[in-house]
$ cat input.txt   # compact mmCIF, C-alpha atoms
# COMPACT_ATOMS: atom_id res chain seq x y z
CA MET A 13 217.93 -97.09 48.59
CA GLU A 14 215.99 -98.25 45.55
CA VAL A 15 212.83 -98.47 47.64
CA VAL A 16 213.26 -94.86 48.81
CA TRP A 17 213.83 -93.74 45.22
CA ALA A 18 210.71 -95.59 44.03
CA VAL A 19 208.60 -94.05 46.82
CA ALA A 20 209.95 -90.59 45.94
CA GLN A 21 209.03 -91.11 42.27
CA VAL A 22 205.51 -92.25 43.14
CA GLY A 23 205.13 -89.26 45.45
CA ALA A 24 206.30 -86.88 42.74
CA VAL A 25 203.86 -88.34 40.22
CA TRP A 26 201.04 -88.16 42.76
CA VAL A 27 201.69 -84.49 43.53
CA ALA A 28 202.05 -83.65 39.84
CA VAL A 29 198.71 -85.29 39.02
CA VAL A 30 196.98 -83.54 41.91
CA LEU A 31 198.45 -80.16 40.94
CA GLY A 32 197.68 -80.56 37.24
CA LEU A 33 194.20 -82.07 37.39
CA ILE A 34 192.75 -80.50 40.55
CA VAL A 35 194.74 -77.64 42.08
CA LEU A 36 195.43 -75.64 38.91
CA PRO A 37 191.84 -75.87 37.59
CA SER A 38 190.57 -74.95 41.06
CA ALA A 39 192.81 -71.88 41.20
CA LEU A 40 191.53 -70.78 37.81
CA GLY A 41 187.91 -71.43 38.77
CA VAL A 42 187.34 -74.04 36.05
CA SER A 43 186.32 -77.69 36.13
CA LEU A 44 187.59 -80.58 34.03
CA GLY A 45 184.40 -82.54 34.68
CA ILE A 46 186.00 -84.99 37.13
CA SER A 47 183.85 -83.85 40.06
CA GLU A 48 180.71 -83.99 37.94
CA ALA A 49 181.50 -87.53 36.80
CA TYR A 50 182.24 -88.61 40.38
CA MET A 51 178.93 -87.16 41.62
CA TRP A 52 177.02 -88.86 38.80
CA VAL A 53 178.46 -92.27 39.71
CA LEU A 54 177.83 -91.61 43.39
CA VAL A 55 174.18 -90.62 42.87
CA LYS A 56 173.53 -93.69 40.72
CA THR A 57 175.16 -95.94 43.33
CA LEU A 58 173.11 -94.48 46.19
CA GLU A 59 169.93 -94.78 44.12
CA TRP A 60 170.71 -98.46 43.50
CA ALA A 61 171.41 -99.00 47.21
CA THR A 62 168.11 -97.34 48.14
CA ILE A 63 166.20 -99.64 45.76
CA ARG A 64 167.94 -102.68 47.24
CA LEU A 65 167.01 -101.51 50.73
CA GLN A 66 163.39 -101.01 49.75
CA LYS A 67 163.21 -104.49 48.21
CA GLY A 68 164.84 -105.99 51.28
CA ALA A 69 162.41 -104.18 53.57
CA LYS A 70 159.47 -105.91 51.87
CA LYS A 71 160.80 -109.33 52.85
CA PRO A 72 159.86 -110.75 56.30
CA GLN A 73 162.44 -109.59 58.80
CA PRO A 74 162.99 -110.39 62.49
CA GLN A 75 160.94 -108.14 64.73
CA MET A 76 163.05 -105.23 65.91
CA PRO A 77 162.21 -102.62 68.55
CA ARG A 78 160.71 -99.56 66.95
CA THR A 79 163.27 -96.82 66.71
CA PRO A 80 162.99 -93.07 66.33
CA THR A 81 162.32 -91.49 62.96
CA ALA A 82 163.48 -88.16 61.71
CA ASN A 83 160.09 -86.65 62.56
CA GLY A 84 160.14 -87.41 66.28
CA ILE A 85 160.47 -90.30 68.68
CA ILE A 86 157.09 -89.75 70.37
CA GLU A 87 153.75 -88.41 69.34
CA ARG A 88 153.24 -84.98 70.83
CA ASP A 89 150.09 -83.05 71.50
CA GLU A 90 150.79 -79.54 70.22
CA THR A 91 147.96 -77.99 72.26
CA PRO A 92 149.23 -74.83 74.00
CA MET A 93 149.96 -75.16 77.72
CA GLU A 94 147.39 -72.54 78.69
CA LYS A 95 144.58 -74.38 76.86
CA GLU A 96 145.50 -77.73 78.43
CA ILE A 97 145.60 -76.21 81.90
CA ALA A 98 142.21 -74.62 81.31
CA LEU A 99 140.74 -78.04 80.44
CA LEU A 100 142.27 -79.63 83.52
CA HIS A 101 141.06 -77.10 86.03
CA ARG A 102 137.36 -76.89 85.40
CA ALA A 103 136.91 -78.07 88.97
CA ASP A 104 138.95 -77.95 92.16
CA PHE A 105 142.40 -79.46 92.20
CA GLU A 106 142.60 -83.22 91.79
CA PHE A 107 145.65 -85.41 92.14
CA SER A 108 145.35 -86.54 88.50
CA HIS A 109 146.13 -83.01 87.36
CA ILE A 110 149.83 -83.64 87.92
CA PHE A 111 149.79 -86.17 85.09
CA TYR A 112 150.04 -83.29 82.63
CA PHE A 113 153.38 -82.24 84.09
CA CYS A 114 154.54 -85.85 84.33
CA ARG A 115 153.85 -86.31 80.64
CA LYS A 116 155.67 -83.10 79.73
CA GLY A 117 158.61 -84.20 81.87
CA PHE A 118 158.79 -87.59 80.16
CA GLU A 119 158.65 -85.92 76.75
CA ALA A 120 161.52 -83.61 77.69
CA ILE A 121 163.63 -86.51 78.95
CA VAL A 122 163.00 -88.80 75.98
CA GLU A 123 163.31 -86.20 73.22
CA ASP A 124 163.13 -82.48 73.75
CA GLU A 125 163.23 -80.09 70.80
CA VAL A 126 166.53 -78.52 71.87
CA THR A 127 169.11 -81.21 72.66
CA GLN A 128 168.13 -83.28 69.62
CA ARG A 129 169.39 -80.37 67.49
CA PHE A 130 172.88 -80.99 68.87
CA SER A 131 173.18 -84.51 67.46
CA SER A 132 173.40 -85.70 63.87
CA GLU A 133 170.11 -85.82 62.01
CA GLU A 134 168.82 -89.29 61.28
CA LEU A 135 168.79 -90.35 57.63
CA LEU A 136 165.72 -91.85 56.00
CA SER A 137 167.84 -94.27 53.97
CA TRP A 138 171.35 -95.70 54.26
CA ASN A 139 174.01 -93.75 52.38
CA LEU A 140 176.66 -96.51 52.53
CA LEU A 141 178.62 -94.67 55.21
CA THR A 142 179.58 -96.02 58.62
CA ARG A 143 177.06 -93.77 60.36
CA THR A 144 173.82 -95.12 59.09
CA ASN A 145 170.12 -95.19 59.77
CA VAL A 146 169.53 -97.08 63.02
CA ASN A 147 166.85 -99.19 61.34
CA PHE A 148 169.33 -100.68 58.83
CA HIS A 149 170.15 -104.37 58.97
CA TYR A 150 171.72 -106.91 56.63
CA ILE A 151 169.91 -107.00 53.28
CA SER A 152 172.05 -108.78 50.70
CA LEU A 153 175.58 -109.85 49.86
CA ARG A 154 175.78 -107.46 46.89
CA LEU A 155 174.91 -104.48 49.04
CA THR A 156 177.52 -105.50 51.60
CA VAL A 157 180.16 -105.89 48.87
CA VAL A 158 179.37 -102.41 47.54
CA TRP A 159 179.75 -101.02 51.06
CA VAL A 160 183.16 -102.71 51.47
CA ILE A 161 184.31 -101.31 48.10
CA GLY A 162 183.12 -97.89 49.25
CA VAL A 163 185.19 -98.14 52.43
CA ILE A 164 188.30 -99.00 50.40
CA VAL A 165 187.69 -96.11 47.98
CA ARG A 166 187.04 -93.59 50.75
CA TYR A 167 189.95 -94.50 53.00
CA CYS A 168 192.58 -95.66 50.49
CA PHE A 169 192.00 -93.15 47.68
CA LEU A 170 189.78 -90.23 48.68
CA LEU A 171 191.32 -89.66 52.12
CA PRO A 172 194.96 -89.37 50.86
CA LEU A 173 193.79 -87.20 47.96
CA ARG A 174 191.80 -84.89 50.21
CA PHE A 175 194.61 -84.71 52.77
CA THR A 176 197.03 -83.69 50.02
CA LEU A 177 194.65 -81.01 48.74
CA ALA A 178 194.03 -79.70 52.28
CA ALA A 179 197.77 -79.48 52.94
CA ILE A 180 198.30 -77.60 49.67
CA GLY A 181 195.39 -75.25 50.38
CA ILE A 182 196.44 -74.44 53.96
CA THR A 183 200.10 -73.99 53.02
CA SER A 184 199.14 -71.74 50.11
CA MET A 185 196.91 -69.69 52.41
CA ILE A 186 199.68 -69.15 54.97
CA VAL A 187 202.43 -68.40 52.43
CA GLY A 188 200.22 -66.28 50.17
CA THR A 189 198.69 -64.08 52.87
CA THR A 190 202.08 -63.65 54.58
CA ALA A 191 203.61 -62.45 51.30
CA VAL A 192 200.71 -60.12 50.51
CA GLY A 193 200.79 -58.79 54.07
CA GLN A 194 204.28 -57.36 53.45
CA LEU A 195 202.90 -54.95 50.84
CA PRO A 196 201.85 -51.41 51.79
CA ASN A 197 198.13 -50.77 52.12
CA SER A 198 196.72 -50.09 48.67
CA SER A 199 194.12 -51.27 46.20
CA VAL A 200 196.71 -53.69 44.77
CA LYS A 201 197.19 -55.32 48.18
CA ASN A 202 193.42 -55.67 48.64
CA TYR A 203 193.07 -57.23 45.18
CA LEU A 204 195.88 -59.73 45.75
CA SER A 205 194.48 -60.60 49.19
CA GLU A 206 191.10 -61.43 47.66
CA VAL A 207 192.77 -63.53 44.95
CA VAL A 208 194.70 -65.53 47.55
CA HIS A 209 191.63 -66.09 49.73
CA LEU A 210 189.44 -67.14 46.81
CA THR A 211 192.07 -69.44 45.31
CA CYS A 212 192.85 -71.21 48.58
CA SER A 213 189.16 -71.56 49.47
CA ARG A 214 188.49 -73.22 46.11
CA ILE A 215 191.30 -75.70 46.74
CA LEU A 216 189.94 -76.47 50.22
CA VAL A 217 186.45 -77.01 48.81
CA ARG A 218 187.92 -79.52 46.37
CA ALA A 219 189.57 -81.20 49.38
CA LEU A 220 186.04 -81.85 50.65
CA SER A 221 184.75 -82.96 47.24
CA GLY A 222 182.42 -80.02 47.64
CA THR A 223 179.52 -79.42 45.28
CA ILE A 224 177.94 -76.06 46.14
CA HIS A 225 174.94 -74.47 44.48
CA TYR A 226 174.74 -70.69 44.95
CA HIS A 227 171.36 -69.05 44.40
CA ASN A 228 170.39 -65.39 43.88
CA LYS A 229 173.96 -64.16 43.44
CA GLU A 230 172.68 -60.65 42.83
CA ASN A 231 172.12 -60.46 46.61
CA ARG A 232 175.72 -61.27 47.54
CA PRO A 233 177.03 -59.26 50.53
CA GLN A 234 178.66 -55.94 49.65
CA LYS A 235 181.55 -54.11 51.29
CA GLY A 236 180.66 -52.23 54.44
CA GLY A 237 177.87 -54.71 55.26
CA ILE A 238 177.36 -57.62 57.63
CA CYS A 239 176.73 -61.15 56.37
CA VAL A 240 174.85 -63.38 58.83
CA ALA A 241 174.20 -67.08 58.25
CA ASN A 242 172.99 -70.15 60.08
CA HIS A 243 175.79 -72.27 61.49
CA THR A 244 176.22 -76.02 60.95
CA SER A 245 179.95 -76.57 60.64
CA PRO A 246 183.36 -74.86 60.77
CA ILE A 247 183.49 -75.36 57.00
CA ASP A 248 180.60 -72.87 56.60
CA ALA A 249 183.19 -70.13 56.27
CA ILE A 250 185.04 -72.02 53.50
CA ILE A 251 181.75 -72.67 51.69
CA LEU A 252 180.99 -68.93 51.62
CA THR A 253 184.52 -67.67 50.85
CA ASN A 254 184.56 -69.99 47.85
CA ASP A 255 182.19 -67.49 46.22
CA GLY A 256 183.40 -64.21 47.74
CA CYS A 257 185.72 -62.70 50.33
CA TYR A 258 184.74 -61.80 53.89
CA ALA A 259 186.33 -60.37 57.00
CA MET A 260 186.09 -63.04 59.68
CA VAL A 261 185.21 -62.40 63.31
CA GLY A 262 186.32 -64.74 66.06
CA GLN A 263 188.49 -65.60 69.01
CA VAL A 264 192.25 -65.93 68.77
CA HIS A 265 193.36 -69.58 68.76
CA GLY A 266 196.63 -71.41 69.20
CA GLY A 267 198.22 -74.17 67.15
CA LEU A 268 197.68 -74.41 63.40
CA MET A 269 194.54 -72.29 63.56
CA GLY A 270 196.51 -69.56 65.30
CA VAL A 271 199.18 -69.65 62.58
CA ILE A 272 196.49 -69.23 59.91
CA GLN A 273 194.85 -66.37 61.82
CA ARG A 274 198.10 -64.46 62.26
CA ALA A 275 198.97 -64.89 58.58
CA THR A 276 195.57 -63.94 57.15
CA VAL A 277 195.11 -60.86 59.32
CA LYS A 278 198.22 -59.32 57.73
CA ALA A 279 196.59 -59.38 54.31
CA CYS A 280 192.91 -58.96 55.18
CA PRO A 281 191.17 -56.91 57.92
CA HIS A 282 189.83 -59.86 59.90
CA VAL A 283 188.67 -59.07 63.44
CA TRP A 284 190.27 -61.44 65.94
CA PHE A 285 189.68 -61.03 69.68
CA GLU A 286 191.69 -62.25 72.63
CA ARG A 287 189.82 -64.44 75.10
CA SER A 288 189.58 -61.57 77.61
CA GLU A 289 188.38 -59.10 74.95
CA ILE A 290 185.61 -61.23 73.49
CA LYS A 291 183.80 -61.19 76.86
CA ASP A 292 183.65 -57.38 76.70
CA ARG A 293 180.53 -56.82 74.60
CA HIS A 294 181.10 -53.06 74.34
CA LEU A 295 184.65 -53.51 73.00
CA VAL A 296 183.47 -56.07 70.46
CA THR A 297 180.65 -53.79 69.29
CA LYS A 298 183.02 -50.82 69.02
CA ARG A 299 185.53 -52.65 66.83
CA LEU A 300 182.82 -54.07 64.58
CA ARG A 301 181.21 -50.63 64.15
CA GLU A 302 184.56 -49.18 63.15
CA HIS A 303 184.93 -51.93 60.54
CA VAL A 304 181.43 -51.45 59.11
CA ALA A 305 181.89 -47.67 58.97
CA ASP A 306 184.69 -48.14 56.42
CA LYS A 307 182.84 -48.91 53.17
CA SER A 308 186.08 -50.03 51.51
CA LYS A 309 186.45 -53.02 53.85
CA LEU A 310 185.11 -56.48 53.15
CA PRO A 311 181.74 -57.46 54.61
CA ILE A 312 181.91 -59.05 58.05
CA LEU A 313 180.88 -62.70 58.27
CA ILE A 314 179.06 -63.57 61.51
CA PHE A 315 177.24 -66.69 62.70
CA PRO A 316 174.83 -65.22 65.30
CA GLU A 317 173.78 -68.60 66.75
CA GLY A 318 177.21 -68.87 68.36
CA THR A 319 177.36 -72.67 68.00
CA CYS A 320 176.80 -75.40 65.42
CA ILE A 321 173.23 -76.70 64.93
CA ASN A 322 172.54 -79.97 63.13
CA ASN A 323 171.34 -78.73 59.73
CA THR A 324 167.66 -79.07 60.66
CA SER A 325 166.99 -75.87 62.60
CA VAL A 326 167.90 -72.26 63.26
CA MET A 327 168.16 -71.25 66.90
CA MET A 328 168.15 -67.88 68.60
CA PHE A 329 170.36 -65.20 67.05
CA LYS A 330 172.46 -63.21 69.50
CA LYS A 331 171.39 -59.57 69.31
CA GLY A 332 174.93 -58.13 69.35
CA SER A 333 175.37 -58.52 65.59
CA PHE A 334 172.21 -56.50 65.01
CA GLU A 335 173.12 -53.58 67.28
CA ILE A 336 176.08 -52.54 65.14
CA GLY A 337 174.04 -50.84 62.45
CA GLY A 338 174.54 -51.02 58.72
CA THR A 339 173.01 -53.38 56.19
CA ILE A 340 172.48 -57.04 57.02
CA TYR A 341 172.92 -59.59 54.24
CA PRO A 342 171.22 -62.86 55.33
CA VAL A 343 172.50 -66.16 53.92
CA ALA A 344 170.86 -69.57 54.30
CA ILE A 345 173.04 -72.70 54.14
CA LYS A 346 171.51 -76.16 53.82
CA TYR A 347 173.63 -79.32 53.47
CA ASP A 348 172.46 -82.53 51.81
CA PRO A 349 173.05 -85.26 54.45
CA GLN A 350 172.75 -88.02 51.85
CA PHE A 351 176.39 -87.54 50.83
CA GLY A 352 177.94 -86.70 54.18
CA ASP A 353 177.10 -85.25 57.58
CA ALA A 354 178.58 -81.75 57.80
CA PHE A 355 177.37 -81.09 61.37
CA TRP A 356 180.10 -80.73 63.99
CA ASN A 357 179.05 -82.06 67.39
CA SER A 358 181.87 -80.35 69.27
CA SER A 359 180.81 -81.89 72.60
CA LYS A 360 181.40 -85.37 71.14
CA TYR A 361 184.18 -84.98 68.56
CA ASN A 362 187.31 -82.85 68.60
CA ILE A 363 188.27 -80.97 65.45
CA VAL A 364 190.67 -83.71 64.26
CA SER A 365 188.03 -86.46 64.58
CA TYR A 366 185.48 -84.23 62.89
CA LEU A 367 187.75 -83.48 59.92
CA LEU A 368 188.50 -87.19 59.57
CA ARG A 369 184.77 -87.94 59.38
CA ILE A 370 184.31 -85.17 56.80
CA MET A 371 187.22 -86.33 54.65
CA THR A 372 186.00 -89.93 54.66
CA SER A 373 182.48 -88.98 53.60
CA TRP A 374 181.36 -89.27 50.00
CA ALA A 375 181.16 -85.53 49.42
CA ILE A 376 179.91 -82.25 50.84
CA VAL A 377 176.89 -81.05 48.90
CA CYS A 378 174.98 -77.95 49.90
CA ASN A 379 172.80 -75.08 48.72
CA VAL A 380 173.54 -71.46 49.56
CA TRP A 381 170.85 -68.81 49.18
CA TYR A 382 171.72 -65.11 49.23
CA LEU A 383 168.68 -63.27 50.60
CA PRO A 384 167.79 -59.62 49.86
CA PRO A 385 169.58 -57.17 52.18
CA MET A 386 167.71 -56.10 55.32
CA VAL A 387 167.96 -52.99 57.50
CA ARG A 388 166.64 -52.31 60.97
CA LYS A 389 163.32 -50.47 61.09
CA GLU A 390 162.84 -47.36 63.20
CA ASP A 391 160.34 -49.01 65.57
CA GLU A 392 162.36 -52.23 65.83
CA ASP A 393 164.82 -53.16 68.57
CA ALA A 394 167.83 -55.41 68.04
CA VAL A 395 166.05 -58.56 69.26
CA GLN A 396 163.08 -58.05 66.92
CA PHE A 397 165.42 -57.37 64.01
CA ALA A 398 167.42 -60.52 64.79
CA ASN A 399 164.24 -62.59 64.90
CA ARG A 400 163.08 -61.17 61.56
CA VAL A 401 166.38 -62.06 59.90
CA ARG A 402 166.35 -65.53 61.48
CA SER A 403 162.82 -66.17 60.19
CA ALA A 404 163.85 -65.23 56.66
CA ILE A 405 166.83 -67.61 56.77
CA ALA A 406 164.74 -70.45 58.21
CA ARG A 407 162.03 -70.10 55.56
CA GLN A 408 164.50 -70.04 52.67
CA GLY A 409 166.57 -72.96 53.93
CA GLY A 410 163.58 -75.11 54.91
CA LEU A 411 164.80 -75.12 58.51
CA THR A 412 162.81 -75.26 61.75
CA GLU A 413 162.85 -71.98 63.65
CA LEU A 414 163.43 -72.38 67.39
CA PRO A 415 163.50 -69.59 70.03
CA TRP A 416 166.04 -71.39 72.21
CA ASP A 417 169.59 -70.19 72.87
CA GLY A 418 172.23 -72.41 71.28
CA GLY A 419 174.23 -71.94 74.49
CA LEU A 420 172.06 -74.71 75.98
CA LYS A 421 174.42 -77.05 74.17
CA ARG A 422 176.77 -76.69 77.14
CA ALA A 423 174.75 -74.79 79.75
CA LYS A 424 171.59 -75.33 81.77
CA VAL A 425 168.37 -73.39 81.33
CA LYS A 426 168.54 -70.08 83.17
CA ASP A 427 166.62 -69.82 86.45
CA THR A 428 164.85 -66.71 85.16
CA PHE A 429 163.25 -68.76 82.37
CA LYS A 430 162.07 -71.41 84.84
CA GLU A 431 160.62 -68.72 87.09
CA GLU A 432 158.78 -67.18 84.14
CA GLN A 433 157.12 -70.52 83.36
CA GLN A 434 156.17 -70.97 87.02
CA LYS A 435 154.58 -67.52 87.09
CA ASN A 436 152.60 -68.27 83.93
CA TYR A 437 151.30 -71.48 85.47
CA SER A 438 150.30 -69.80 88.74
CA LYS A 439 148.40 -67.12 86.78
CA MET A 440 146.52 -69.83 84.91
CA LEU A 441 145.57 -71.53 88.16
CA VAL A 442 144.21 -68.31 89.63
CA ARG A 443 142.39 -67.40 86.39
CA ASN A 444 140.70 -70.81 86.22
CA GLY A 445 139.53 -70.74 89.84
CA SER A 446 141.69 -73.57 91.12
CA VAL A 447 143.30 -71.28 93.69
CA GLY A 448 141.47 -68.79 95.92

$ encode --input "input.txt" --output "structure tokens"
Amino acid sequence: MEVVWAVAQVGAVWVAVVLGLIVLPSALGVSLGISEAYMWVLVKTLEWATIRLQKGAKKPQPQMPRTPTANGIIERDETPMEKEIALLHRADFEFSHIFYFCRKGFEAIVEDEVTQRFSSEELLSWNLLTRTNVNFHYISLRLTVVWVIGVIVRYCFLLPLRFTLAAIGITSMIVGTTAVGQLPNSSVKNYLSEVVHLTCSRILVRALSGTIHYHNKENRPQKGGICVANHTSPIDAIILTNDGCYAMVGQVHGGLMGVIQRATVKACPHVWFERSEIKDRHLVTKRLREHVADKSKLPILIFPEGTCINNTSVMMFKKGSFEIGGTIYPVAIKYDPQFGDAFWNSSKYNIVSYLLRIMTSWAIVCNVWYLPPMVRKEDEDAVQFANRVRSAIARQGGLTELPWDGGLKRAKVKDTFKEEQQKNYSKMLVRNGSVG
């Protein structure tokens, strides 16, 4: 009985400390300097570890197989296909001409520019986390001791703290939005809904030890508009709602996510679709147009890539978001992988495993840039408009712009695309005199 009483007292003290030092300041939008002090110590520790690694790298080490770097596993010739074919076919066909296609095939198998965007980016230096640079090996006892201390801190202190904050944030979101949802539609209800969303998002950001730098706040999305951003992680939405409220768009889920969706939609005009509805593009477009037409409603938040990309690139934007009309507010999000990998590889980790990896990282640090609003030009179709917005986001975030569909994460290349490449090659053959 005494043990139970002691555990209850420790639990009460723990919750009181968390509420007083973290939750309450978060709700009020103020900081006591704890996060800043933690980040300062963390940066100094990682700088020390990097110096130790560099010193260790100068010492003779056992020969290891050369491993891929962040810039590419193989050296590629960026000469356009048409130019290379033209050089090959100055004369009649020779058997050696197939070597070009063999080389391209090997390049695609070893490291193509698409599938590598669906795996975690490789770090240039070890950040004292379990997932490390593949070139790392034992350097010194001191470095190993620091790593062990880091494991103890992350799993025995940070993880329970972050779990407590996440539980408080999610519970507050469900209870708060359910209570606000009982009020009649009015400006008071809208105000309270925004307060609840902002407060709970701030608590959830603290649960990730989030340090977010927002730039160009004068360009923040306005009501009646559409906010589009590159997509790295499910926490992208929390990162953005920490600085403003949005109407979310997505598919109806079950479980805890379903409970949150049903609670929040009562207080805020989120747009949730059933699985059968989301496949109907016309129905989706109709409901989104109705939302945008009401200038009193919150801006819609959409991730046009449709899947998570690994914080290095921006892939093709689906055109549906750009057919709705209205003003587009582009946002670029770039995470700092030195402190933690925010990318969610959904084909490898389920949401529980992913959240565990996030909550046992050092911190989530990122930059968010609000870009000037953009509207569709008269001579511009939806695809061209989407590409223009994507280019602006890629340039601002320092991301690589790729024309590929993020759906390739789980699907094969369409036959129509293969046929198009085959037609281009046959035209080159005819043009260069190798055929006919």

$ atom_distance --input "input.txt" --atom1 "atom CA of Cys239 of chain A" --atom2 "atom CA of Pro342 of chain A"
5.9 Å

$ atom_distance --input "input.txt" --atom1 "atom CA of Val401 of chain A" --atom2 "atom CA of Asp306 of chain A"
23.3 Å

$ residues_around --input "input.txt" --residues "His282 of chain A" --least-positions-apart "3" --cutoff "7 Å" --atoms "all atoms listed in the file" --output "compact mmCIF listing (two decimals) with C-alpha atoms, keeping the file's coordinate frame"
# COMPACT_ATOMS: atom_id res chain seq x y z
CA ALA A 259 186.33 -60.37 57.00
CA MET A 260 186.09 -63.04 59.68
CA VAL A 261 185.21 -62.40 63.31
CA VAL A 277 195.11 -60.86 59.32

$ closest_residue --input "input.txt" --among "A:Thr62, A:Ala404, A:Lys435, A:Gly237" --to "Ala305 of chain A" --atoms "only C-alpha atoms"
A:Gly237

$ atom_distance --input "input.txt" --atom1 "atom CA of Glu431 of chain A" --atom2 "atom CA of Lys331 of chain A"
22.7 Å

$ residues_around --input "input.txt" --residues "Gly410 of chain A" --least-positions-apart "6" --cutoff "9 Å" --atoms "all atoms listed in the file" --output "count of residues only"
3

$ residues_around --input "input.txt" --residues "Ala219 of chain A" --least-positions-apart "2" --cutoff "12 Å" --atoms "all atoms listed in the file" --output "short mmCIF file (atom, residue, chain, number, x, y, z; two decimals) with C-alpha atoms, keeping the file's coordinate frame"
data_model
loop_
_atom_site.label_atom_id
_atom_site.label_comp_id
_atom_site.auth_asym_id
_atom_site.auth_seq_id
_atom_site.Cartn_x
_atom_site.Cartn_y
_atom_site.Cartn_z
CA VAL A 30 196.98 -83.54 41.91
CA ILE A 34 192.75 -80.50 40.55
CA VAL A 35 194.74 -77.64 42.08
CA SER A 38 190.57 -74.95 41.06
CA SER A 47 183.85 -83.85 40.06
CA LEU A 170 189.78 -90.23 48.68
CA LEU A 171 191.32 -89.66 52.12
CA PRO A 172 194.96 -89.37 50.86
CA LEU A 173 193.79 -87.20 47.96
CA ARG A 174 191.80 -84.89 50.21
CA PHE A 175 194.61 -84.71 52.77
CA THR A 176 197.03 -83.69 50.02
CA LEU A 177 194.65 -81.01 48.74
CA ALA A 178 194.03 -79.70 52.28
CA ALA A 179 197.77 -79.48 52.94
CA ILE A 180 198.30 -77.60 49.67
CA GLY A 181 195.39 -75.25 50.38
CA ILE A 182 196.44 -74.44 53.96
CA CYS A 212 192.85 -71.21 48.58
CA SER A 213 189.16 -71.56 49.47
CA ARG A 214 188.49 -73.22 46.11
CA ILE A 215 191.30 -75.70 46.74
CA LEU A 216 189.94 -76.47 50.22
CA VAL A 217 186.45 -77.01 48.81
CA SER A 221 184.75 -82.96 47.24
CA GLY A 222 182.42 -80.02 47.64
CA THR A 223 179.52 -79.42 45.28
CA ILE A 247 183.49 -75.36 57.00
CA ILE A 250 185.04 -72.02 53.50
CA ILE A 251 181.75 -72.67 51.69
CA LEU A 367 187.75 -83.48 59.92
CA LEU A 368 188.50 -87.19 59.57
CA ILE A 370 184.31 -85.17 56.80
CA MET A 371 187.22 -86.33 54.65
CA THR A 372 186.00 -89.93 54.66
CA SER A 373 182.48 -88.98 53.60
CA TRP A 374 181.36 -89.27 50.00
CA ALA A 375 181.16 -85.53 49.42
CA ILE A 376 179.91 -82.25 50.84
#

$ closest_residue --input "input.txt" --among "A:Tyr382, A:Trp284, A:Ser308, A:Ile164" --to "His265 of chain A" --atoms "all atoms listed in the file"
A:Trp284

$ closest_residue --input "input.txt" --among "A:His294, A:Arg274, A:Lys309, A:His243" --to "Tyr203 of chain A" --atoms "only C-alpha atoms"
A:Lys309

$ decode --input "input.txt" --residues "segment 47-55 of chain A" --atoms "N, CA, C and O atoms" --output "PDB file, in the first residue's frame"
ATOM      1  N   SER A  47      13.716  25.274 -23.222  1.00  0.00           N
ATOM      2  CA  SER A  47      13.983  24.716 -24.553  1.00  0.00           C
ATOM      3  C   SER A  47      15.247  25.317 -25.154  1.00  0.00           C
ATOM      4  O   SER A  47      16.051  24.607 -25.772  1.00  0.00           O
ATOM      5  N   GLU A  48      15.428  26.619 -24.949  1.00  0.00           N
ATOM      6  CA  GLU A  48      16.612  27.288 -25.488  1.00  0.00           C
ATOM      7  C   GLU A  48      17.881  26.742 -24.846  1.00  0.00           C
ATOM      8  O   GLU A  48      18.892  26.506 -25.527  1.00  0.00           O
ATOM      9  N   ALA A  49      17.831  26.541 -23.519  1.00  0.00           N
ATOM     10  CA  ALA A  49      18.999  25.998 -22.821  1.00  0.00           C
ATOM     11  C   ALA A  49      19.295  24.572 -23.283  1.00  0.00           C
ATOM     12  O   ALA A  49      20.471  24.195 -23.486  1.00  0.00           O
ATOM     13  N   TYR A  50      18.240  23.779 -23.451  1.00  0.00           N
ATOM     14  CA  TYR A  50      18.413  22.402 -23.925  1.00  0.00           C
ATOM     15  C   TYR A  50      19.050  22.381 -25.310  1.00  0.00           C
ATOM     16  O   TYR A  50      19.983  21.602 -25.574  1.00  0.00           O
ATOM     17  N   MET A  51      18.595  23.239 -26.223  1.00  0.00           N
ATOM     18  CA  MET A  51      19.128  23.280 -27.575  1.00  0.00           C
ATOM     19  C   MET A  51      20.583  23.748 -27.570  1.00  0.00           C
ATOM     20  O   MET A  51      21.405  23.268 -28.353  1.00  0.00           O
ATOM     21  N   TRP A  52      20.918  24.674 -26.679  1.00  0.00           N
ATOM     22  CA  TRP A  52      22.299  25.156 -26.599  1.00  0.00           C
ATOM     23  C   TRP A  52      23.235  24.026 -26.185  1.00  0.00           C
ATOM     24  O   TRP A  52      24.297  23.822 -26.786  1.00  0.00           O
ATOM     25  N   VAL A  53      22.842  23.278 -25.153  1.00  0.00           N
ATOM     26  CA  VAL A  53      23.654  22.138 -24.703  1.00  0.00           C
ATOM     27  C   VAL A  53      23.755  21.100 -25.808  1.00  0.00           C
ATOM     28  O   VAL A  53      24.831  20.522 -26.056  1.00  0.00           O
ATOM     29  N   LEU A  54      22.656  20.850 -26.494  1.00  0.00           N
ATOM     30  CA  LEU A  54      22.633  19.844 -27.554  1.00  0.00           C
ATOM     31  C   LEU A  54      23.560  20.230 -28.706  1.00  0.00           C
ATOM     32  O   LEU A  54      24.334  19.408 -29.201  1.00  0.00           O
ATOM     33  N   VAL A  55      23.492  21.482 -29.128  1.00  0.00           N
ATOM     34  CA  VAL A  55      24.341  21.952 -30.231  1.00  0.00           C
ATOM     35  C   VAL A  55      25.818  21.833 -29.859  1.00  0.00           C
ATOM     36  O   VAL A  55      26.646  21.370 -30.660  1.00  0.00           O
TER      37      VAL A  55
END
